[in-house]
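What follows is one structure encoded as structure tokens, with my remarks underneath.
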Amino acid sequence: MTKDKRKVQFTGNSTYIVSLPIKWVRDIGLEAGDTLTLTPMPNRTLLVSSSVVSKDHSALKATIDYIHSDSAENNLRILISHYLVGYDVIRLTTKKGFSAYDRKFIKDSVRQKLIGLELVEESRNELVFQCLLNYNDLPLGRVIKNMYGLVLSMLEDSMSALRDHNVEIAEDVIQRDDDVDRFYLLAVRQLKASIEDIELSDKIGIRHPRECLGYRLITKCIERVGDHAVRISRNVLKMESGVGADNPIFEMAELSRKVFGSSIDSMTEEDLQAINKIVVEAKRVSQFGVSLEPQSCDGPGNIELSMILESLRRVSEYSADIAEVAINMNIKQV
């Protein structure tokens with residue numbers, strides 16, 4: 001990144017002017033008569049942006065060489081990283097050609113994990129994916145709301161599966177985690193892009209660049225709560241029978257779900273004391289789970305019940321983390 005210094009000049013009776021770096025003007029294809037947008041930033045800088053899009057910058061493109069000595073999963077991870085950074089067109093190439101397994105794995109995984117990324121070209125040696133998502137259709141607030149709704153239903157269903165030992169429900173919860181991951185990865189892509197594009201920040205609902213870190217932490221916490229719903233379901237599948245509805249573990253589950261919901265509500269709460277109460281309540285719920293350990297782990301399936309109880313404690317702890325982030329985001333900038 002180069003820095004150019006320009007002197008402020010005064011012309012006429014009330015106009016201050018600054019010349020533009022010629023390289024920047026040429027790089028973005030700016031011409032005389034084009035309009036620039038000047039946006040005052042909170043850190044006292046001025047953002048100069050142009051609506052002109054040059055041919056070279058109309059879409060961010062990346063080419064990835066498929067490494068056959070690595071697993072298909074490792075290659076997929078590289079592709080996902082390019083999606084998260086913000087590339088619009090991702091070209092996966094190989095001189096050797098894709099095996100049937102690798103081709104199917106990559107195509108199925110992209111379909112399951114990455115919202116908006118579609119296969120637009122395919123040949124023996126190449127897979128071309130393009131992001132067709134319009135951010136206006138899925139602003140960040142809606143993404144978080146969808147994630148929360150999915151995770152909450154997963155928590156509720158995982159405990160229903162525990163009570164009734166319903167294998168089908170438990171397996172369905174595990175399947176739904178893919179949808180949570182899709183929304184999480186989309187949120188990460190949006191947040192990364194909004195740091196560099198102030199106009200995109202407005203589209204997805206970011207009021208200030210510093211909020212990006214807060215939302216990044218919140219979405220990760222929600223994703224982790226979903227992972228614990230999956231762990232609960234996996235432990236249910238290991239058990240031989242259900243658990244009576246009067247078992248105190250269900251009281252712990254209800255308290256964890258409530259404090260999880262309260263933590264999400266805290267994101268729009270402006271009263272810092274009210275948010276603080278949510279943090280305190282979340283920690284109290286976690287301690288309540290500790291006190292239940294001797295009661296709920298007697299008899300058959302005690303190991304699985306202990307693991308489920310640990311997951312419920314983690315749900316309350318992640319809820320406390322979300323509320324603490326909400327406090328930080330509500331503090332006015334110095």
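Letters for chains follow the order of the structure tokens (A, B, ...), residue numbers begin at 1 for each chain, and ligand numbers begin at 1 in the order shown.
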Write out as a PDB file with N, CA and C atoms, in the first residue's frame which residues come within 9 Å of segment 175-192 of chain A when counting only C-alpha atoms, dropping same-chain ones fewer than 3 positions away.
ATOM      1  N   ILE A  80     -12.980 -23.213   0.040  1.00  0.00           N
ATOM      2  CA  ILE A  80     -13.820 -22.469   0.989  1.00  0.00           C
ATOM      3  C   ILE A  80     -13.140 -21.181   1.425  1.00  0.00           C
ATOM      4  N   TYR A  83     -13.759 -18.579  -1.059  1.00  0.00           N
ATOM      5  CA  TYR A  83     -15.155 -18.109  -0.934  1.00  0.00           C
ATOM      6  C   TYR A  83     -15.268 -17.101   0.211  1.00  0.00           C
ATOM      7  N   LEU A  84     -14.648 -17.410   1.350  1.00  0.00           N
ATOM      8  CA  LEU A  84     -14.743 -16.534   2.516  1.00  0.00           C
ATOM      9  C   LEU A  84     -14.072 -15.187   2.272  1.00  0.00           C
ATOM     10  N   VAL A  85     -12.950 -15.195   1.562  1.00  0.00           N
ATOM     11  CA  VAL A  85     -12.237 -13.950   1.287  1.00  0.00           C
ATOM     12  C   VAL A  85     -13.058 -13.031   0.395  1.00  0.00           C
ATOM     13  N   GLY A  86     -13.916 -13.626  -0.473  1.00  0.00           N
ATOM     14  CA  GLY A  86     -14.792 -12.793  -1.285  1.00  0.00           C
ATOM     15  C   GLY A  86     -14.678 -12.969  -2.783  1.00  0.00           C
ATOM     16  N   GLN A 112     -23.661 -28.217  -0.298  1.00  0.00           N
ATOM     17  CA  GLN A 112     -24.131 -28.356   1.080  1.00  0.00           C
ATOM     18  C   GLN A 112     -23.647 -27.237   1.998  1.00  0.00           C
ATOM     19  N   LYS A 113     -22.467 -26.658   1.700  1.00  0.00           N
ATOM     20  CA  LYS A 113     -21.831 -25.759   2.656  1.00  0.00           C
ATOM     21  C   LYS A 113     -21.820 -24.285   2.266  1.00  0.00           C
ATOM     22  N   LEU A 114     -21.869 -23.961   0.974  1.00  0.00           N
ATOM     23  CA  LEU A 114     -21.619 -22.589   0.543  1.00  0.00           C
ATOM     24  C   LEU A 114     -22.838 -21.988  -0.148  1.00  0.00           C
ATOM     25  N   ILE A 115     -23.489 -21.070   0.527  1.00  0.00           N
ATOM     26  CA  ILE A 115     -24.676 -20.421  -0.020  1.00  0.00           C
ATOM     27  C   ILE A 115     -24.281 -19.499  -1.174  1.00  0.00           C
ATOM     28  N   GLY A 116     -24.978 -19.623  -2.291  1.00  0.00           N
ATOM     29  CA  GLY A 116     -24.772 -18.728  -3.422  1.00  0.00           C
ATOM     30  C   GLY A 116     -23.718 -19.172  -4.405  1.00  0.00           C
ATOM     31  N   TYR A 135     -26.425  -9.739  -1.839  1.00  0.00           N
ATOM     32  CA  TYR A 135     -26.381  -9.489  -0.396  1.00  0.00           C
ATOM     33  C   TYR A 135     -27.659  -8.832   0.116  1.00  0.00           C
ATOM     34  N   PRO A 139     -29.319 -10.002   4.237  1.00  0.00           N
ATOM     35  CA  PRO A 139     -28.498  -9.140   5.091  1.00  0.00           C
ATOM     36  C   PRO A 139     -28.064  -9.892   6.344  1.00  0.00           C
ATOM     37  N   LEU A 140     -27.058  -9.378   7.005  1.00  0.00           N
ATOM     38  CA  LEU A 140     -26.456 -10.087   8.130  1.00  0.00           C
ATOM     39  C   LEU A 140     -27.474 -10.392   9.230  1.00  0.00           C
ATOM     40  N   VAL A 143     -29.355 -13.422   8.359  1.00  0.00           N
ATOM     41  CA  VAL A 143     -28.500 -14.606   8.442  1.00  0.00           C
ATOM     42  C   VAL A 143     -28.403 -15.085   9.890  1.00  0.00           C
ATOM     43  N   ILE A 144     -28.159 -14.138  10.804  1.00  0.00           N
ATOM     44  CA  ILE A 144     -28.048 -14.489  12.225  1.00  0.00           C
ATOM     45  C   ILE A 144     -29.383 -15.028  12.747  1.00  0.00           C
ATOM     46  N   ASN A 146     -31.690 -16.581  11.035  1.00  0.00           N
ATOM     47  CA  ASN A 146     -31.872 -17.933  10.503  1.00  0.00           C
ATOM     48  C   ASN A 146     -31.003 -18.946  11.246  1.00  0.00           C
ATOM     49  N   MET A 147     -29.761 -18.562  11.538  1.00  0.00           N
ATOM     50  CA  MET A 147     -28.866 -19.443  12.293  1.00  0.00           C
ATOM     51  C   MET A 147     -29.453 -19.752  13.657  1.00  0.00           C
ATOM     52  N   TYR A 148     -29.913 -18.699  14.348  1.00  0.00           N
ATOM     53  CA  TYR A 148     -30.464 -18.878  15.689  1.00  0.00           C
ATOM     54  C   TYR A 148     -31.695 -19.783  15.661  1.00  0.00           C
ATOM     55  N   LEU A 150     -32.510 -22.100  13.515  1.00  0.00           N
ATOM     56  CA  LEU A 150     -32.107 -23.477  13.260  1.00  0.00           C
ATOM     57  C   LEU A 150     -31.507 -24.131  14.496  1.00  0.00           C
ATOM     58  N   VAL A 151     -30.588 -23.402  15.143  1.00  0.00           N
ATOM     59  CA  VAL A 151     -29.901 -23.966  16.304  1.00  0.00           C
ATOM     60  C   VAL A 151     -30.873 -24.196  17.454  1.00  0.00           C
ATOM     61  N   MET A 154     -32.765 -27.266  16.847  1.00  0.00           N
ATOM     62  CA  MET A 154     -31.894 -28.423  17.026  1.00  0.00           C
ATOM     63  C   MET A 154     -31.750 -28.785  18.503  1.00  0.00           C
ATOM     64  N   ALA A 170     -32.892 -37.610  16.230  1.00  0.00           N
ATOM     65  CA  ALA A 170     -31.469 -37.376  16.516  1.00  0.00           C
ATOM     66  C   ALA A 170     -30.666 -37.270  15.229  1.00  0.00           C
ATOM     67  N   GLU A 171     -30.935 -38.156  14.288  1.00  0.00           N
ATOM     68  CA  GLU A 171     -30.209 -38.122  13.010  1.00  0.00           C
ATOM     69  C   GLU A 171     -30.559 -36.875  12.208  1.00  0.00           C
ATOM     70  N   ASP A 172     -31.808 -36.442  12.310  1.00  0.00           N
ATOM     71  CA  ASP A 172     -32.229 -35.227  11.603  1.00  0.00           C
ATOM     72  C   ASP A 172     -31.516 -33.998  12.154  1.00  0.00           C
ATOM     73  N   ILE A 195     -15.641  -5.126   5.520  1.00  0.00           N
ATOM     74  CA  ILE A 195     -14.503  -4.378   6.052  1.00  0.00           C
ATOM     75  C   ILE A 195     -13.861  -3.531   4.953  1.00  0.00           C
ATOM     76  N   GLU A 196     -13.873  -4.053   3.734  1.00  0.00           N
ATOM     77  CA  GLU A 196     -13.236  -3.364   2.612  1.00  0.00           C
ATOM     78  C   GLU A 196     -14.209  -2.511   1.800  1.00  0.00           C
ATOM     79  N   LEU A 200     -21.141  -1.931   1.016  1.00  0.00           N
ATOM     80  CA  LEU A 200     -21.648  -3.254   1.357  1.00  0.00           C
ATOM     81  C   LEU A 200     -22.038  -3.309   2.829  1.00  0.00           C
ATOM     82  N   SER A 201     -21.278  -2.629   3.672  1.00  0.00           N
ATOM     83  CA  SER A 201     -21.605  -2.588   5.103  1.00  0.00           C
ATOM     84  C   SER A 201     -23.021  -2.079   5.312  1.00  0.00           C
ATOM     85  N   ILE A 204     -25.692  -4.803   4.305  1.00  0.00           N
ATOM     86  CA  ILE A 204     -25.913  -5.952   5.185  1.00  0.00           C
ATOM     87  C   ILE A 204     -26.234  -5.537   6.614  1.00  0.00           C
ATOM     88  N   ILE A 206     -24.301  -3.247   8.744  1.00  0.00           N
ATOM     89  CA  ILE A 206     -23.193  -2.919   9.646  1.00  0.00           C
ATOM     90  C   ILE A 206     -23.130  -1.405   9.813  1.00  0.00           C
ATOM     91  N   CYS A 212     -17.863  -5.530  13.033  1.00  0.00           N
ATOM     92  CA  CYS A 212     -17.561  -6.768  12.300  1.00  0.00           C
ATOM     93  C   CYS A 212     -16.958  -7.822  13.231  1.00  0.00           C
ATOM     94  N   LEU A 213     -16.045  -7.402  14.103  1.00  0.00           N
ATOM     95  CA  LEU A 213     -15.426  -8.356  15.024  1.00  0.00           C
ATOM     96  C   LEU A 213     -16.472  -8.920  15.979  1.00  0.00           C
ATOM     97  N   TYR A 215     -19.762  -9.235  15.534  1.00  0.00           N
ATOM     98  CA  TYR A 215     -20.645 -10.165  14.836  1.00  0.00           C
ATOM     99  C   TYR A 215     -19.925 -11.457  14.472  1.00  0.00           C
ATOM    100  N   ARG A 216     -18.652 -11.350  14.190  1.00  0.00           N
ATOM    101  CA  ARG A 216     -17.860 -12.561  13.892  1.00  0.00           C
ATOM    102  C   ARG A 216     -17.841 -13.490  15.110  1.00  0.00           C
ATOM    103  N   THR A 219     -21.556 -14.969  15.677  1.00  0.00           N
ATOM    104  CA  THR A 219     -21.929 -16.045  14.749  1.00  0.00           C
ATOM    105  C   THR A 219     -21.152 -17.328  15.058  1.00  0.00           C
ATOM    106  N   LYS A 220     -19.904 -17.190  15.496  1.00  0.00           N
ATOM    107  CA  LYS A 220     -19.127 -18.379  15.858  1.00  0.00           C
ATOM    108  C   LYS A 220     -19.730 -19.047  17.083  1.00  0.00           C
ATOM    109  N   ILE A 222     -22.883 -19.001  18.012  1.00  0.00           N
ATOM    110  CA  ILE A 222     -24.124 -19.668  17.592  1.00  0.00           C
ATOM    111  C   ILE A 222     -23.794 -20.975  16.872  1.00  0.00           C
ATOM    112  N   GLU A 223     -22.788 -20.939  16.021  1.00  0.00           N
ATOM    113  CA  GLU A 223     -22.385 -22.146  15.299  1.00  0.00           C
ATOM    114  C   GLU A 223     -21.914 -23.227  16.267  1.00  0.00           C
ATOM    115  N   GLY A 226     -24.783 -24.930  17.932  1.00  0.00           N
ATOM    116  CA  GLY A 226     -25.304 -25.943  17.019  1.00  0.00           C
ATOM    117  C   GLY A 226     -24.486 -27.223  17.070  1.00  0.00           C
ATOM    118  N   ASP A 227     -23.163 -27.077  17.178  1.00  0.00           N
ATOM    119  CA  ASP A 227     -22.302 -28.256  17.283  1.00  0.00           C
ATOM    120  C   ASP A 227     -22.632 -29.070  18.532  1.00  0.00           C
ATOM    121  N   ALA A 229     -25.579 -29.199  19.998  1.00  0.00           N
ATOM    122  CA  ALA A 229     -26.845 -29.898  19.744  1.00  0.00           C
ATOM    123  C   ALA A 229     -26.574 -31.198  18.999  1.00  0.00           C
ATOM    124  N   VAL A 230     -25.607 -31.165  18.087  1.00  0.00           N
ATOM    125  CA  VAL A 230     -25.217 -32.372  17.357  1.00  0.00           C
ATOM    126  C   VAL A 230     -24.579 -33.383  18.306  1.00  0.00           C
TER     127      VAL A 230
END
*Selection: 12 Å around Val120 of chain A, only C-alpha atoms, excl. self and same-chain fewer than 5 positions, as a ChimeraX atom specification*: /A:88-92,107,126-132
Would you put the residues from that selection into a file with C-alpha atoms, as a short mmCIF file (atom, residue, chain, number, x, y, z; two decimals), in the first residue's frame?
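And here is the file that came out, result.cif:
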data_model
loop_
_atom_site.label_atom_id
_atom_site.label_comp_id
_atom_site.auth_asym_id
_atom_site.auth_seq_id
_atom_site.Cartn_x
_atom_site.Cartn_y
_atom_site.Cartn_z
CA ASP A 88 -16.87 -14.26 -7.06
CA VAL A 89 -15.50 -16.81 -9.55
CA ILE A 90 -13.43 -19.75 -8.33
CA ARG A 91 -11.82 -22.00 -10.95
CA LEU A 92 -10.57 -25.40 -9.75
CA LYS A 107 -19.59 -30.62 -5.99
CA GLU A 126 -11.91 -27.98 -14.57
CA LEU A 127 -14.71 -27.02 -12.20
CA VAL A 128 -15.81 -23.38 -12.26
CA PHE A 129 -17.95 -22.01 -9.45
CA GLN A 130 -19.56 -18.57 -9.36
CA CYS A 131 -21.18 -16.74 -6.47
CA LEU A 132 -24.64 -15.62 -7.59
#
_With distances taken over only C-alpha atoms, which residue among A:Ser158, A:Ile174, A:Ser256, A:Ala245 lies nearest Ile232 of chain A?_
A:Ser158
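Between Thr37 of chain A and the candidates A:Phe260, A:Ser50, A:Ser291, A:Ala161, the tightest atom-to-atom separation, counting only C-alpha atoms, involves A:Ser50.
As for atom CA of Val285 of chain A and atom CA of Val259 of chain A, they are spaced 8.2 Å apart.
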*Could you give me, as a PyMOL selection string, each residue of segment 89-213 of chain A that DSSP assigns to strand (DSSP E) when run on this structure's backbone?*
chain A and resi 89-93+117-122+126-131
Export, as a CSV table (one decimal), in the first residue's frame, the selected residues with all heavy atoms.
chain,number,residue,atom,x,y,z
A,89,VAL,N,-15.7,-15.7,-8.6
A,89,VAL,CA,-15.5,-16.8,-9.6
A,89,VAL,C,-14.3,-17.6,-9.1
A,89,VAL,O,-13.2,-17.1,-9.0
A,89,VAL,CB,-15.3,-16.3,-11.0
A,89,VAL,CG1,-15.1,-17.5,-11.9
A,89,VAL,CG2,-16.5,-15.5,-11.5
A,90,ILE,N,-14.5,-18.9,-8.8
A,90,ILE,CA,-13.4,-19.8,-8.3
A,90,ILE,C,-13.3,-20.9,-9.3
A,90,ILE,O,-14.2,-21.7,-9.5
A,90,ILE,CB,-13.7,-20.3,-6.9
A,90,ILE,CG1,-14.0,-19.1,-5.9
A,90,ILE,CG2,-12.6,-21.2,-6.4
A,90,ILE,CD1,-14.4,-19.5,-4.6
A,91,ARG,N,-12.1,-21.0,-9.9
A,91,ARG,CA,-11.8,-22.0,-11.0
A,91,ARG,C,-10.9,-23.1,-10.4
A,91,ARG,O,-9.8,-22.7,-10.0
A,91,ARG,CB,-11.2,-21.3,-12.2
A,91,ARG,CG,-11.1,-22.2,-13.4
A,91,ARG,CD,-10.4,-21.4,-14.5
A,91,ARG,NE,-11.2,-20.2,-14.8
A,91,ARG,CZ,-12.2,-20.2,-15.7
A,91,ARG,NH1,-12.5,-21.3,-16.4
A,91,ARG,NH2,-12.9,-19.1,-15.9
A,92,LEU,N,-11.4,-24.3,-10.3
A,92,LEU,CA,-10.6,-25.4,-9.7
A,92,LEU,C,-10.1,-26.2,-10.9
A,92,LEU,O,-10.9,-26.8,-11.7
A,92,LEU,CB,-11.4,-26.2,-8.8
A,92,LEU,CG,-10.7,-27.2,-7.9
A,92,LEU,CD1,-9.8,-26.5,-6.9
A,92,LEU,CD2,-11.8,-28.0,-7.1
A,93,THR,N,-8.8,-26.3,-11.1
A,93,THR,CA,-8.2,-27.0,-12.3
A,93,THR,C,-7.2,-28.1,-11.9
A,93,THR,O,-6.6,-28.1,-10.8
A,93,THR,CB,-7.5,-25.9,-13.2
A,93,THR,OG1,-6.3,-25.4,-12.4
A,93,THR,CG2,-8.4,-24.8,-13.5
A,117,LEU,N,-22.9,-20.1,-4.0
A,117,LEU,CA,-21.8,-20.6,-4.9
A,117,LEU,C,-22.3,-21.7,-5.8
A,117,LEU,O,-22.7,-22.8,-5.3
A,117,LEU,CB,-20.6,-21.0,-4.1
A,117,LEU,CG,-19.3,-21.1,-5.0
A,117,LEU,CD1,-18.9,-19.8,-5.5
A,117,LEU,CD2,-18.2,-21.7,-4.1
A,118,GLU,N,-22.4,-21.5,-7.1
A,118,GLU,CA,-23.0,-22.5,-8.0
A,118,GLU,C,-22.0,-22.9,-9.1
A,118,GLU,O,-21.1,-22.2,-9.5
A,118,GLU,CB,-24.2,-21.9,-8.7
A,118,GLU,CG,-25.3,-21.4,-7.8
A,118,GLU,CD,-26.0,-22.5,-7.1
A,118,GLU,OE1,-25.9,-23.7,-7.6
A,118,GLU,OE2,-26.7,-22.3,-6.1
A,119,LEU,N,-22.1,-24.2,-9.5
A,119,LEU,CA,-21.2,-24.7,-10.5
A,119,LEU,C,-21.8,-24.2,-11.9
A,119,LEU,O,-22.9,-24.5,-12.2
A,119,LEU,CB,-21.3,-26.3,-10.5
A,119,LEU,CG,-20.4,-27.0,-11.5
A,119,LEU,CD1,-18.9,-26.7,-11.3
A,119,LEU,CD2,-20.7,-28.5,-11.6
A,120,VAL,N,-20.9,-23.5,-12.6
A,120,VAL,CA,-21.4,-22.9,-13.9
A,120,VAL,C,-20.7,-23.5,-15.1
A,120,VAL,O,-21.2,-23.3,-16.2
A,120,VAL,CB,-21.2,-21.3,-13.8
A,120,VAL,CG1,-22.1,-20.7,-12.8
A,120,VAL,CG2,-19.7,-21.0,-13.6
A,121,GLU,N,-19.5,-24.1,-14.8
A,121,GLU,CA,-18.8,-24.8,-15.9
A,121,GLU,C,-18.2,-26.0,-15.4
A,121,GLU,O,-17.7,-26.1,-14.3
A,121,GLU,CB,-17.7,-23.9,-16.5
A,121,GLU,CG,-18.2,-22.6,-17.3
A,121,GLU,CD,-17.1,-21.8,-17.8
A,121,GLU,OE1,-16.1,-22.4,-18.2
A,121,GLU,OE2,-17.2,-20.5,-17.8
A,122,GLU,N,-18.1,-27.0,-16.2
A,122,GLU,CA,-17.5,-28.3,-15.8
A,122,GLU,C,-16.9,-29.0,-17.0
A,122,GLU,O,-17.5,-29.1,-18.1
A,122,GLU,CB,-18.6,-29.2,-15.1
A,122,GLU,CG,-18.1,-30.5,-14.7
A,122,GLU,CD,-19.1,-31.3,-13.9
A,122,GLU,OE1,-20.3,-30.9,-13.9
A,122,GLU,OE2,-18.8,-32.4,-13.4
A,126,GLU,N,-11.6,-29.3,-15.2
A,126,GLU,CA,-11.9,-28.0,-14.6
A,126,GLU,C,-13.3,-28.0,-14.0
A,126,GLU,O,-14.3,-28.5,-14.6
A,126,GLU,CB,-11.8,-26.9,-15.7
A,126,GLU,CG,-11.8,-25.5,-15.2
A,126,GLU,CD,-11.4,-24.5,-16.3
A,126,GLU,OE1,-12.3,-24.3,-17.2
A,126,GLU,OE2,-10.4,-23.9,-16.3
A,127,LEU,N,-13.4,-27.3,-12.8
A,127,LEU,CA,-14.7,-27.0,-12.2
A,127,LEU,C,-14.7,-25.5,-11.9
A,127,LEU,O,-13.8,-25.0,-11.3
A,127,LEU,CB,-14.9,-27.8,-10.9
A,127,LEU,CG,-15.0,-29.3,-11.0
A,127,LEU,CD1,-15.0,-29.9,-9.6
A,127,LEU,CD2,-16.2,-29.7,-11.7
A,128,VAL,N,-15.7,-24.8,-12.4
A,128,VAL,CA,-15.8,-23.4,-12.3
A,128,VAL,C,-17.1,-23.1,-11.5
A,128,VAL,O,-18.2,-23.4,-11.8
A,128,VAL,CB,-15.9,-22.6,-13.6
A,128,VAL,CG1,-15.9,-21.1,-13.4
A,128,VAL,CG2,-14.6,-23.0,-14.5
A,129,PHE,N,-16.9,-22.4,-10.3
A,129,PHE,CA,-18.0,-22.0,-9.5
A,129,PHE,C,-18.1,-20.5,-9.5
A,129,PHE,O,-17.1,-19.8,-9.5
A,129,PHE,CB,-17.7,-22.5,-8.0
A,129,PHE,CG,-17.6,-24.0,-7.9
A,129,PHE,CD1,-16.4,-24.6,-7.9
A,129,PHE,CD2,-18.7,-24.8,-7.7
A,129,PHE,CE1,-16.2,-26.0,-7.8
A,129,PHE,CE2,-18.6,-26.1,-7.6
A,129,PHE,CZ,-17.4,-26.7,-7.6
A,130,GLN,N,-19.3,-20.0,-9.4
A,130,GLN,CA,-19.6,-18.6,-9.4
A,130,GLN,C,-20.6,-18.3,-8.3
A,130,GLN,O,-21.6,-19.0,-8.1
A,130,GLN,CB,-20.1,-18.1,-10.7
A,130,GLN,CG,-20.3,-16.6,-10.8
A,130,GLN,CD,-20.6,-16.1,-12.2
A,130,GLN,OE1,-20.6,-16.9,-13.1
A,130,GLN,NE2,-20.9,-14.8,-12.3
A,131,CYS,N,-20.3,-17.2,-7.5
A,131,CYS,CA,-21.2,-16.7,-6.5
A,131,CYS,C,-22.3,-15.9,-7.1
A,131,CYS,O,-22.0,-14.8,-7.6
A,131,CYS,CB,-20.4,-16.0,-5.4
A,131,CYS,SG,-21.4,-15.6,-3.9
*Skipping near chain neighbours, those fewer than 2 positions away, what residues fall within 8 Å of Glu317 of chain A using only C-alpha atoms, listed as a list in words?*
Ala282, Lys283, Ser286, Arg313, Arg314, Val315, Ser319, Ala320 and Asp321 of chain A
If you keep N, CA, C and O atoms, can you produce a file of those selected residues as a compact mmCIF listing (two decimals), in the first residue's frame?
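out-v2.txt written:
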# COMPACT_ATOMS: atom_id res chain seq x y z
N ALA A 282 -26.64 -16.66 32.74
CA ALA A 282 -26.00 -17.72 31.96
C ALA A 282 -24.97 -18.47 32.81
O ALA A 282 -24.88 -19.70 32.77
N LYS A 283 -24.22 -17.72 33.59
CA LYS A 283 -23.22 -18.36 34.46
C LYS A 283 -23.88 -19.15 35.58
O LYS A 283 -23.39 -20.20 36.01
N SER A 286 -24.96 -22.44 34.16
CA SER A 286 -23.82 -23.33 34.02
C SER A 286 -23.48 -24.00 35.35
O SER A 286 -23.21 -25.21 35.41
N ARG A 313 -24.12 -27.22 29.50
CA ARG A 313 -23.35 -26.19 30.20
C ARG A 313 -22.63 -25.30 29.20
O ARG A 313 -22.55 -24.08 29.37
N ARG A 314 -22.09 -25.90 28.14
CA ARG A 314 -21.39 -25.12 27.13
C ARG A 314 -22.34 -24.18 26.41
O ARG A 314 -21.96 -23.07 26.04
N VAL A 315 -23.59 -24.61 26.21
CA VAL A 315 -24.59 -23.73 25.59
C VAL A 315 -24.77 -22.48 26.44
O VAL A 315 -24.79 -21.36 25.92
N SER A 319 -23.72 -18.59 25.56
CA SER A 319 -24.72 -17.53 25.70
C SER A 319 -24.16 -16.35 26.47
O SER A 319 -24.41 -15.19 26.12
N ALA A 320 -23.40 -16.65 27.51
CA ALA A 320 -22.74 -15.58 28.27
C ALA A 320 -21.76 -14.82 27.37
O ALA A 320 -21.67 -13.58 27.44
N ASP A 321 -21.04 -15.55 26.53
CA ASP A 321 -20.09 -14.90 25.61
C ASP A 321 -20.81 -13.95 24.65
O ASP A 321 -20.33 -12.84 24.38
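Look at Leu76 of chain A: the protein and nucleic acid residues within 9 Å of it, using only C-alpha atoms and passing over chain neighbours fewer than 5 places away, are Ser71, Ser81, Phe105, Ile106, Ser109 and Val110 of chain A.
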Expected file contents, prior selection, C-alpha atoms, as a PDB file, in the first residue's frame:
ATOM      1  CA  SER A  71      -7.177 -35.308   0.291  1.00  0.00           C
ATOM      2  CA  SER A  81     -11.107 -20.027   2.053  1.00  0.00           C
ATOM      3  CA  PHE A 105     -17.122 -34.792  -3.171  1.00  0.00           C
ATOM      4  CA  ILE A 106     -16.266 -31.234  -4.231  1.00  0.00           C
ATOM      5  CA  SER A 109     -19.724 -30.259  -0.470  1.00  0.00           C
ATOM      6  CA  VAL A 110     -20.021 -26.875  -2.195  1.00  0.00           C
TER       7      VAL A 110
END
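Residue nearest Glu254 of chain A, chosen from A:Ser316, A:Asn43, A:Asn75, A:Ser241 and counting only C-alpha atoms: A:Ser316.
Distances here use only C-alpha atoms; by that measure, the residue among A:Ser311, A:Asn74, A:Thr63, A:Ser263 closest to Asn276 of chain A is A:Ser263.
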*Would you please give, as a PyMOL selection string, all residues of segment 86-220 of chain A that DSSP assigns to alpha helix (DSSP H) based on the backbone?*
chain A and resi 100-113+140-164+167-196+198-204+211-220
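You will find atom CA of Leu305 of chain A at 15.1 Å from atom CA of Phe288 of chain A.
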